[in-house]
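Written below as structure tokens is the structure these notes are about.
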Amino acid sequence: MLFKILSILGIASFAFAGELNTGDTAWMMISTALVLLMTPAGLAMFYAGMTRSKNALNTTAMVAGAFVVGFSAWIIAGYSLAFSDGNAFIGGLKNIFLNGISWKDLSGTYPTYVFIAFQGMFAAITVAIASGSIIGRMKYVTWLIFAFIWILVVYAPIAHMVWGGGFLMNKGTLDFAGGTVVHMNGGLAGLVLAILIGKRKGYGRIAFKPMSVMLASLGAALLWFGWFGFNAGSAFGANAIAGLAFLTTAFAPAIAAITWMILEYIVYKRITLLGAISGIVAGLVGITPAAGFVNMFGALIIGLGSSIIAFWGVVWLKKKFGYDDALDAFGVHFLAGLYGALAVAFLAIKDNDLLWDGPLKATGSRLAQFGVQLESVVIVSIYTAIGTVLVYYIASLITGGARVSEEEEIEGLDEAIHGEKSINL
Amino acid sequence: MLFKILSILGIASFAFAGELNTGDTAWMMISTALVLLMTPAGLAMFYAGMTRSKNALNTTAMVAGAFVVGFSAWIIAGYSLAFSDGNAFIGGLKNIFLNGISWKDLSGTYPTYVFIAFQGMFAAITVAIASGSIIGRMKYVTWLIFAFIWILVVYAPIAHMVWGGGFLMNKGTLDFAGGTVVHMNGGLAGLVLAILIGKRKGYGRIAFKPMSVMLASLGAALLWFGWFGFNAGSAFGANAIAGLAFLTTAFAPAIAAITWMILEYIVYKRITLLGAISGIVAGLVGITPAAGFVNMFGALIIGLGSSIIAFWGVVWLKKKFGYDDALDAFGVHFLAGLYGALAVAFLAIKDNDLLWDGPLKATGSRLAQFGVQLESVVIVSIYTAIGTVLVYYIASLITGGARVSEEEEIEGLDEAIHGEKSINL
Amino acid sequence: MLFKILSILGIASFAFAGELNTGDTAWMMISTALVLLMTPAGLAMFYAGMTRSKNALNTTAMVAGAFVVGFSAWIIAGYSLAFSDGNAFIGGLKNIFLNGISWKDLSGTYPTYVFIAFQGMFAAITVAIASGSIIGRMKYVTWLIFAFIWILVVYAPIAHMVWGGGFLMNKGTLDFAGGTVVHMNGGLAGLVLAILIGKRKGYGRIAFKPMSVMLASLGAALLWFGWFGFNAGSAFGANAIAGLAFLTTAFAPAIAAITWMILEYIVYKRITLLGAISGIVAGLVGITPAAGFVNMFGALIIGLGSSIIAFWGVVWLKKKFGYDDALDAFGVHFLAGLYGALAVAFLAIKDNDLLWDGPLKATGSRLAQFGVQLESVVIVSIYTAIGTVLVYYIASLITGGARVSEEEEIEGLDEAIHGEKSINL
Amino acid sequence: MKKIEAIIKPFKLDEVKEALIESDITGITVNEVKGHGRQQGHTELYRGAEYVVDFLPKVKLEIFVNDEFVDKTVEIILENARTGKIGDGKIFISHVEEAIRIRTGERGHDAV
Amino acid sequence: MKKIEAIIKPFKLDEVKEALIESDITGITVNEVKGHGRQQGHTELYRGAEYVVDFLPKVKLEIFVNDEFVDKTVEIILENARTGKIGDGKIFISHVEEAIRIRTGERGHDAV
Amino acid sequence: MKKIEAIIKPFKLDEVKEALIESDITGITVNEVKGHGRQQGHTELYRGAEYVVDFLPKVKLEIFVNDEFVDKTVEIILENARTGKIGDGKIFISHVEEAIRIRTGERGHDAV
Ligand SMILES: Nc1ncnc2c1ncn2[C@@H]1O[C@H](COP(=O)(O)OP(=O)(O)O)[C@@H](O)[C@H]1O
Ligand SMILES: Nc1ncnc2c1ncn2[C@@H]1O[C@H](COP(=O)(O)OP(=O)(O)O)[C@@H](O)[C@H]1O
Ligand SMILES: Nc1ncnc2c1ncn2[C@@H]1O[C@H](COP(=O)(O)OP(=O)(O)O)[C@@H](O)[C@H]1O
């Protein structure tokens, strides 16, 4: 990705390699802070609000715990495994604990330390996303251990392959801000975990009332806010590409929200707030791989499609196959991420100042680009699935099983595991 | 406004027209993100917290829905109607769907796309503000349709007149960040709607207990945070004028909060949290048209006066005339916005590096400036009022009436309309 | 501090003194906004969530009230007393009400007005932190008056001594972003107040159930987000030092959270969400004085140690001495702040581009630096303690006692004092 | 001495309360409950899962009165809680043996 | 006419409810309560202070039935609320003198 | 067998509970209710509208005891719930016909 960044910067900003640009630095720092906000505030409230009140605090703790563990794993070894020199699949160990990197080093026009922090936020949110599929039934310590190992064994190699100089990067995959690396990866890991750990007791029979869709909507709003750092920050500078990514990140989710509301109105004659915010998040996920590549028309199609596919995933697919993807990490993040990652081949503007090296830029062939996109989503999916199974069993082994007891599940994880309640009136 | 921007930038920053400045771009992107945060997070929680719990989720949905619909309308046609070449009243259609605008285009020293997004956030929050007057009794679909049309028919022309090259702009109105365009406009639309749709059942007789003033205060804090983007972002660059607007946006609301607390203490012998945050919001509204024009003394007077007039509007005026301005969109946004828009004529520093072209700059006459300010608030008010009535009847017609049934109102809109609850314990 | 800033900037950015740099300006404005967010949103929710539900709204009001009063006091006279020319202990009066400072003035490479706002946010949060020790029993008006006077009598002189050209600054104390000035100061003021005002009725006997640890965790997340402005903003520019401070502010709290969870697991066989977020906040406090001085190893040790000492303070020390430090302002802010302020002497990287003038930079002696650090924490503590007692009695005198009546305390301050409830279902 | 338990629709509480107080029946204890009866609950949606809410929010009044007040109390409730639609609720009356006012220790008739 | 009060574990509510409705006992009022009995509460932590939660969440059902339904109702509750562990709760039965349906004014047997 | 219903001030709950348990009266069910009586509610403000909160938060204890325990129970409540100020609440006693322990099926005296 570093190469890409440089080439992008060369075009879109006025910075010279090797010199710190204060505007870019300011933008990358605030972007990184925004991405932090997405996890312990945005995702935590979004997820907790959709959980039954007896498990809402545990859900928050799963997300927050995944974040601190995931970010620590990133600094300790994840960054090195993802971004230091290595082979086609994985990076090396030379930057373990950021060894050999100085605070004065630059990544393009801003400090490497900021790049490391920015990427660490991506790693941490990815594993946190996966927690959405398995809330209400997993041991907390198993989850924390899982998160730590998963960052090193699953996330870091994938980040290396797609962004860190690995073979998918060299094939020319277009993934602006992490449709594959973050959303498909996290969403699929969620599904795998949900299948491995089994359904919640009473699933499909009892009404699982969300603690507070209003809280979830606050979470969604914070996610949206943070996503500007996520997507426009992925331009790695305060430049015109960032501006494009910014605008599509505002427009696509708005369209996606409207789409979901219309679908609900058609199917159920009723518009819900949960529907509106599900649409927003689906739109955000869908635009992620495409944010800096498409124009308003592309953003419109991405917004529309992301909502439709996620709606279908949540309403139909999940019912059909009967897995308990509790908060729809798979249904929303994987499916909309997949859609966005594939659609970008057809929707990317043919503008060589925007396009990354790859088939579309080289030959103008959208089909060839689609082939590369397809390859990368397939490879990422296979690797994620296998890796997640492996890490699950390791974490499970260490902690004597991954699932809480039936009593604990019935009492609710908040009180049974943490001895706390989401609200005491 | 583009002309103004350029002249401001020429003085206060070191950018050359036609060149992207990374610092300005970073500031405008984060400002835009901050203004986004104000609506689905800040305003939504501020409003929902003040609503009875049976309607709190619906309130959130009204705000969030207005936002996604409003922003979409902005991209589709609103921007073009406001900012593309047109006549004295309204812009043209040439930039429909951002047609003809490239991601490389600059607006001064930062991407035009960011300018479009920034302005779109203003449009969306304006209609969302209006929702505060009519919560608890409006059909959701009517509201969404209203929001869409209103952006095109009411907001865009007003934005064009005051900021987009229309006749009020050419007269030299001082409106730094939207006292007239946003707050008076939204607040008055709210009042008009409240009168058209009628009072809530039981209004004035039953105690309407706010679901959670604490939540409202979180919303107010998020609003304040976002308002730095709103006001200091309206300097259109990271320059000294932004710095001035920033500081006044911190100081005036602090003074306004203290003022409201003192008023409460005098009148009721009791200080409430709702009072404190009402003061904060009143101060924020009041300083909006003046943020980049006044010094600390001006900010103090604006803070004091905004609170006094809004307190009077909420406590006395509303009772006197008996309209049901549920969350005081009119009482706070219109009145404090009006006060700020008029007071700026007397409080603006006589410093030609700050002042926009107009009577005060040209002749030094505060009275002449006051005349222009008065003219613009009157014209905006008249246009808003007429336009809002019109759009209300159109939306109402399309959806077979604007008001929910009595049963739905009594049950509460959360469950009756959305089938959801704000909190399930 | 102004001297320090200039020397730092000279090294780490490319700005020329006397010229506004847009990137630095953008960064300082957003940093200031972030620090604002920390108080009425972050700290308010963090504190309110840990309070019993009958006092949660009052807690929010204490924090928000302290903020508006504190910031106003800062503009009125605090800034002048802290940063205008004065003697070794306190500044002068020449900048009362910002008299003599123009919006065009620069502080290094960004507007002085932004510097004033940034510092004002620090002042306001400091007094708000202290409120955590005494919630549930103090008269609201007494608190507001206390906050106003305390900013002028206690905070401003300390800020002058350490940052504003006073004698501790000249000795070469290393305090990157306010370990002494903010956290020890606020935390100790809290303890003093808690002792003076006495324990809550039923303390130690009745279970004081936190209203919502989930809300507290949202508050902690907002605090973390804002803290990037607090710490990386204290580099006073978008430069490489800011990048370093940014990364340590992400890493140390993550480690601290894990540490607290492990301690809980060892001691109680149970991990709580409150523990995780207590760790995050302890880590944030601990890294504050050291953020721009240490590398990853230093951040690790600070994270570990901050959690251990705060855990000890909260679990053991408080029980041992029996004071009612309700929300552990002392246990977390003072102790972790103290630890960080002392540890920095041993952990600061020996890199003269980072170090401020002082023994370590001059002679390389960590022990000599430790001596200076020790001296400054002792002097700050003594001054805070004496000043706080004084201001407490003044405020108490004005309002006829500082403590609410027993009935009010039992009923809960939300309803008894404010006539409001944190939640109406 | 009787205990009157009335399960009514929540939004009728204010009217009933005011009517009772006007007739000097001022001792009332109110309980928020959920009720199941003939009235059908509405459906709720949750991410595509539709379910019927079969417990509806109701308010239960408990009023302890001396025997001579029973009829009046019942009448007032009947008048003010009725909407005529299913779900209006019910009143149950049962016998109470003793009443004691905690503040004074008074017992029986005077304590109610 | 009797009033049956059953205090049960919250997570058993759904089963009990469904079983009752299947047997045409459809008039049910539900109350969220806290109970103290032989069952030990769990401990909670709060910043180092450990305390025992001695009131546990319970659900109280109130079912008014005509005499002939008492046995069936009790039986259904017994069957469906039992886990066999301490804290399962209790059923109490008492006499009720009168029932009135607010909507129609019906009294007695028909009103229940 | 009797049912004792005591409506008390919420902040007295802990004292009453502890005193009851010490005297081996351990079966208690607690209900959060709102009460109206002679005690005046405080006023609340809402954006300039002032209104009196006329329902005050109260706690209702329900204790089922065998006849021999009635006096002791009442006494303990009287002692521990009293503040001497208006609003202390009341105790009501009524007859209960049967008690059944769900876990074991025990009935009558032993089940209470
Ligand atoms: N037999 C009963 N026992 C307990 N509660 C009852 C009984 N019958 C009705 N209720 C309560 O009364 C409420 C209203 O009853 P419902 O049958 O819906 O309407 P209606 O009384 O108009 O026929 C129910 O929701 C329930 O709370
Ligand atoms: N005598 C009683 N009076 C009131 N409530 C009781 C009584 N005995 C039990 N309860 C209620 O029943 C619940 C379960 O009782 P408990 O003694 O814990 O278990 P079990 O009924 O299995 O012996 C208690 O939490 C309480 O709410
Ligand atoms: N007759 C009654 N029926 C039902 N509840 C009552 C009755 N009288 C009093 N209460 C309850 O007792 C509470 C206290 O009563 P109140 O009249 O305020 O004080 P006191 O009992 O000291 O005279 C009330 O709030 C209400 O909940």
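Every chain in the structure tokens takes a letter, A first, then B, and so on in the order presented; its residues are numbered from 1, and the ligands are numbered from 1 following the presented order.
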Let me see if you get this right: every residue at most 8 Å from ligand 1, counting only C-alpha atoms and all ligand atoms, written as a ChimeraX atom specification. /D:7-9,33-40,55-58,84-90 /E:3,25-30,62-65,101-104,111-112
Taking only C-alpha atoms into account and nothing else, which residues of chain C lie no more than 6 Å away from chain A? Please answer as a tab-separated table (two decimals) with C-alpha atoms, in the first residue's frame.
chain	number	residue	atom	x	y	z
C	23	GLY	CA	-2.17	22.21	9.12
C	27	TRP	CA	-4.94	20.30	14.23
C	53	SER	CA	-29.50	6.50	39.40
C	211	MET	CA	-26.79	3.60	37.18
C	212	SER	CA	-25.26	2.23	34.03
C	214	MET	CA	-22.62	0.83	29.85
C	218	LEU	CA	-19.58	5.23	26.35
C	221	ALA	CA	-14.75	5.87	24.87
C	225	PHE	CA	-11.29	9.90	21.64
C	238	ALA	CA	0.56	18.61	13.44
C	240	ALA	CA	6.08	14.21	14.46
C	243	GLY	CA	2.40	11.56	16.09
C	244	LEU	CA	4.40	10.06	18.93
C	247	LEU	CA	0.47	6.54	19.35
C	254	ALA	CA	-5.02	-0.49	25.84
C	271	ILE	CA	-13.75	-9.33	34.80
C	272	THR	CA	-16.03	-6.34	34.78
C	273	LEU	CA	-16.69	-3.71	32.19
Please check the contacts: residues of chain E at most 8 Å away from chain A, using only C-alpha atoms, listed as an MDAnalysis selection string. chainID E and resid 11 42:45
Which value, in Å to one decimal, gives the distance between CA of Tyr265 in chain B and CA of Phe311 in chain B? 12.4 Å
Using DSSP on the backbone coordinates, identify all residues within range 95-270 of chain C classified as alpha helix (DSSP H); present the result as a ChimeraX atom specification. /C:112-130,140-150,156-162,167-171,185-197,213-232,240-268
From the DSSP assignment of the backbone, select every residue of range 27-93 of chain E that is strand (DSSP E), and format the answer as a PDB file with N, CA and C atoms, in the first residue's frame.
ATOM      1  N   ILE E  28     -54.386 -12.882  32.388  1.00  0.00           N
ATOM      2  CA  ILE E  28     -53.192 -12.945  33.225  1.00  0.00           C
ATOM      3  C   ILE E  28     -52.641 -11.542  33.383  1.00  0.00           C
ATOM      4  N   THR E  29     -52.228 -11.215  34.589  1.00  0.00           N
ATOM      5  CA  THR E  29     -51.528  -9.948  34.793  1.00  0.00           C
ATOM      6  C   THR E  29     -50.157 -10.259  35.382  1.00  0.00           C
ATOM      7  N   VAL E  30     -49.156  -9.618  34.815  1.00  0.00           N
ATOM      8  CA  VAL E  30     -47.780  -9.955  35.156  1.00  0.00           C
ATOM      9  C   VAL E  30     -47.081  -8.754  35.764  1.00  0.00           C
ATOM     10  N   ASN E  31     -46.284  -9.038  36.756  1.00  0.00           N
ATOM     11  CA  ASN E  31     -45.643  -8.012  37.541  1.00  0.00           C
ATOM     12  C   ASN E  31     -44.178  -8.340  37.717  1.00  0.00           C
ATOM     13  N   GLU E  32     -43.307  -7.417  37.427  1.00  0.00           N
ATOM     14  CA  GLU E  32     -41.894  -7.684  37.693  1.00  0.00           C
ATOM     15  C   GLU E  32     -41.571  -7.303  39.123  1.00  0.00           C
ATOM     16  N   VAL E  33     -41.112  -8.256  39.889  1.00  0.00           N
ATOM     17  CA  VAL E  33     -40.845  -7.988  41.298  1.00  0.00           C
ATOM     18  C   VAL E  33     -39.434  -8.453  41.647  1.00  0.00           C
ATOM     19  N   LYS E  34     -39.046  -8.167  42.865  1.00  0.00           N
ATOM     20  CA  LYS E  34     -37.780  -8.697  43.363  1.00  0.00           C
ATOM     21  C   LYS E  34     -38.069  -9.557  44.565  1.00  0.00           C
ATOM     22  N   GLY E  35     -37.408 -10.684  44.660  1.00  0.00           N
ATOM     23  CA  GLY E  35     -37.768 -11.600  45.722  1.00  0.00           C
ATOM     24  C   GLY E  35     -36.604 -11.961  46.611  1.00  0.00           C
ATOM     25  N   HIS E  36     -36.941 -12.196  47.875  1.00  0.00           N
ATOM     26  CA  HIS E  36     -35.950 -12.704  48.803  1.00  0.00           C
ATOM     27  C   HIS E  36     -36.490 -14.007  49.375  1.00  0.00           C
ATOM     28  N   THR E  43     -22.859 -12.416  43.808  1.00  0.00           N
ATOM     29  CA  THR E  43     -22.164 -11.219  44.263  1.00  0.00           C
ATOM     30  C   THR E  43     -21.926 -10.288  43.086  1.00  0.00           C
ATOM     31  N   GLU E  44     -21.947  -9.044  43.373  1.00  0.00           N
ATOM     32  CA  GLU E  44     -21.569  -8.065  42.368  1.00  0.00           C
ATOM     33  C   GLU E  44     -20.370  -7.286  42.867  1.00  0.00           C
ATOM     34  N   LEU E  45     -19.614  -6.798  41.896  1.00  0.00           N
ATOM     35  CA  LEU E  45     -18.425  -6.008  42.217  1.00  0.00           C
ATOM     36  C   LEU E  45     -18.719  -4.568  41.879  1.00  0.00           C
ATOM     37  N   TYR E  46     -18.179  -3.666  42.650  1.00  0.00           N
ATOM     38  CA  TYR E  46     -18.217  -2.286  42.207  1.00  0.00           C
ATOM     39  C   TYR E  46     -16.947  -1.609  42.660  1.00  0.00           C
ATOM     40  N   ALA E  49     -15.506  -2.941  45.735  1.00  0.00           N
ATOM     41  CA  ALA E  49     -16.442  -3.314  46.786  1.00  0.00           C
ATOM     42  C   ALA E  49     -17.278  -4.492  46.294  1.00  0.00           C
ATOM     43  N   GLU E  50     -17.279  -5.557  47.074  1.00  0.00           N
ATOM     44  CA  GLU E  50     -18.033  -6.733  46.677  1.00  0.00           C
ATOM     45  C   GLU E  50     -19.297  -6.776  47.518  1.00  0.00           C
ATOM     46  N   TYR E  51     -20.434  -6.970  46.922  1.00  0.00           N
ATOM     47  CA  TYR E  51     -21.623  -7.088  47.746  1.00  0.00           C
ATOM     48  C   TYR E  51     -22.569  -8.133  47.176  1.00  0.00           C
ATOM     49  N   VAL E  52     -23.375  -8.690  48.083  1.00  0.00           N
ATOM     50  CA  VAL E  52     -24.310  -9.727  47.671  1.00  0.00           C
ATOM     51  C   VAL E  52     -25.626  -9.079  47.272  1.00  0.00           C
ATOM     52  N   LEU E  56     -33.560 -10.974  44.267  1.00  0.00           N
ATOM     53  CA  LEU E  56     -33.402 -11.511  42.918  1.00  0.00           C
ATOM     54  C   LEU E  56     -34.620 -11.160  42.077  1.00  0.00           C
ATOM     55  N   PRO E  57     -34.412 -10.964  40.813  1.00  0.00           N
ATOM     56  CA  PRO E  57     -35.565 -10.665  39.951  1.00  0.00           C
ATOM     57  C   PRO E  57     -36.510 -11.862  39.863  1.00  0.00           C
ATOM     58  N   LYS E  58     -37.778 -11.602  40.079  1.00  0.00           N
ATOM     59  CA  LYS E  58     -38.812 -12.636  39.959  1.00  0.00           C
ATOM     60  C   LYS E  58     -39.973 -12.043  39.163  1.00  0.00           C
ATOM     61  N   VAL E  59     -40.839 -12.919  38.742  1.00  0.00           N
ATOM     62  CA  VAL E  59     -42.044 -12.461  38.078  1.00  0.00           C
ATOM     63  C   VAL E  59     -43.234 -12.940  38.886  1.00  0.00           C
ATOM     64  N   LYS E  60     -44.168 -12.030  39.117  1.00  0.00           N
ATOM     65  CA  LYS E  60     -45.378 -12.446  39.831  1.00  0.00           C
ATOM     66  C   LYS E  60     -46.557 -12.453  38.868  1.00  0.00           C
ATOM     67  N   LEU E  61     -47.202 -13.603  38.772  1.00  0.00           N
ATOM     68  CA  LEU E  61     -48.419 -13.709  37.969  1.00  0.00           C
ATOM     69  C   LEU E  61     -49.615 -13.531  38.884  1.00  0.00           C
ATOM     70  N   GLU E  62     -50.585 -12.786  38.430  1.00  0.00           N
ATOM     71  CA  GLU E  62     -51.855 -12.719  39.139  1.00  0.00           C
ATOM     72  C   GLU E  62     -52.935 -13.187  38.185  1.00  0.00           C
ATOM     73  N   ILE E  63     -53.626 -14.233  38.621  1.00  0.00           N
ATOM     74  CA  ILE E  63     -54.657 -14.791  37.760  1.00  0.00           C
ATOM     75  C   ILE E  63     -55.932 -14.937  38.587  1.00  0.00           C
ATOM     76  N   PHE E  64     -56.948 -14.268  38.142  1.00  0.00           N
ATOM     77  CA  PHE E  64     -58.242 -14.405  38.813  1.00  0.00           C
ATOM     78  C   PHE E  64     -59.047 -15.467  38.077  1.00  0.00           C
ATOM     79  N   VAL E  65     -59.529 -16.468  38.804  1.00  0.00           N
ATOM     80  CA  VAL E  65     -60.272 -17.546  38.139  1.00  0.00           C
ATOM     81  C   VAL E  65     -61.515 -17.908  38.951  1.00  0.00           C
ATOM     82  N   LYS E  90     -43.363 -19.674  44.596  1.00  0.00           N
ATOM     83  CA  LYS E  90     -44.527 -20.170  45.315  1.00  0.00           C
ATOM     84  C   LYS E  90     -45.828 -19.722  44.672  1.00  0.00           C
ATOM     85  N   ILE E  91     -46.865 -20.440  45.039  1.00  0.00           N
ATOM     86  CA  ILE E  91     -48.204 -20.070  44.595  1.00  0.00           C
ATOM     87  C   ILE E  91     -49.069 -19.824  45.826  1.00  0.00           C
ATOM     88  N   PHE E  92     -49.807 -18.732  45.813  1.00  0.00           N
ATOM     89  CA  PHE E  92     -50.718 -18.449  46.910  1.00  0.00           C
ATOM     90  C   PHE E  92     -52.130 -18.271  46.368  1.00  0.00           C
ATOM     91  N   ILE E  93     -53.096 -18.765  47.117  1.00  0.00           N
ATOM     92  CA  ILE E  93     -54.481 -18.686  46.664  1.00  0.00           C
ATOM     93  C   ILE E  93     -55.321 -17.984  47.714  1.00  0.00           C
TER      94      ILE E  93
END
Could you name the residues that touch Thr180 in chain B at 12 Å or less, counting only C-alpha atoms, but leaving out those on the same chain fewer than 6 positions away, as a ChimeraX atom specification? /B:122,126,155,158-159,161-163,168-169,173-174,186-188,285-290,333-342,373-384
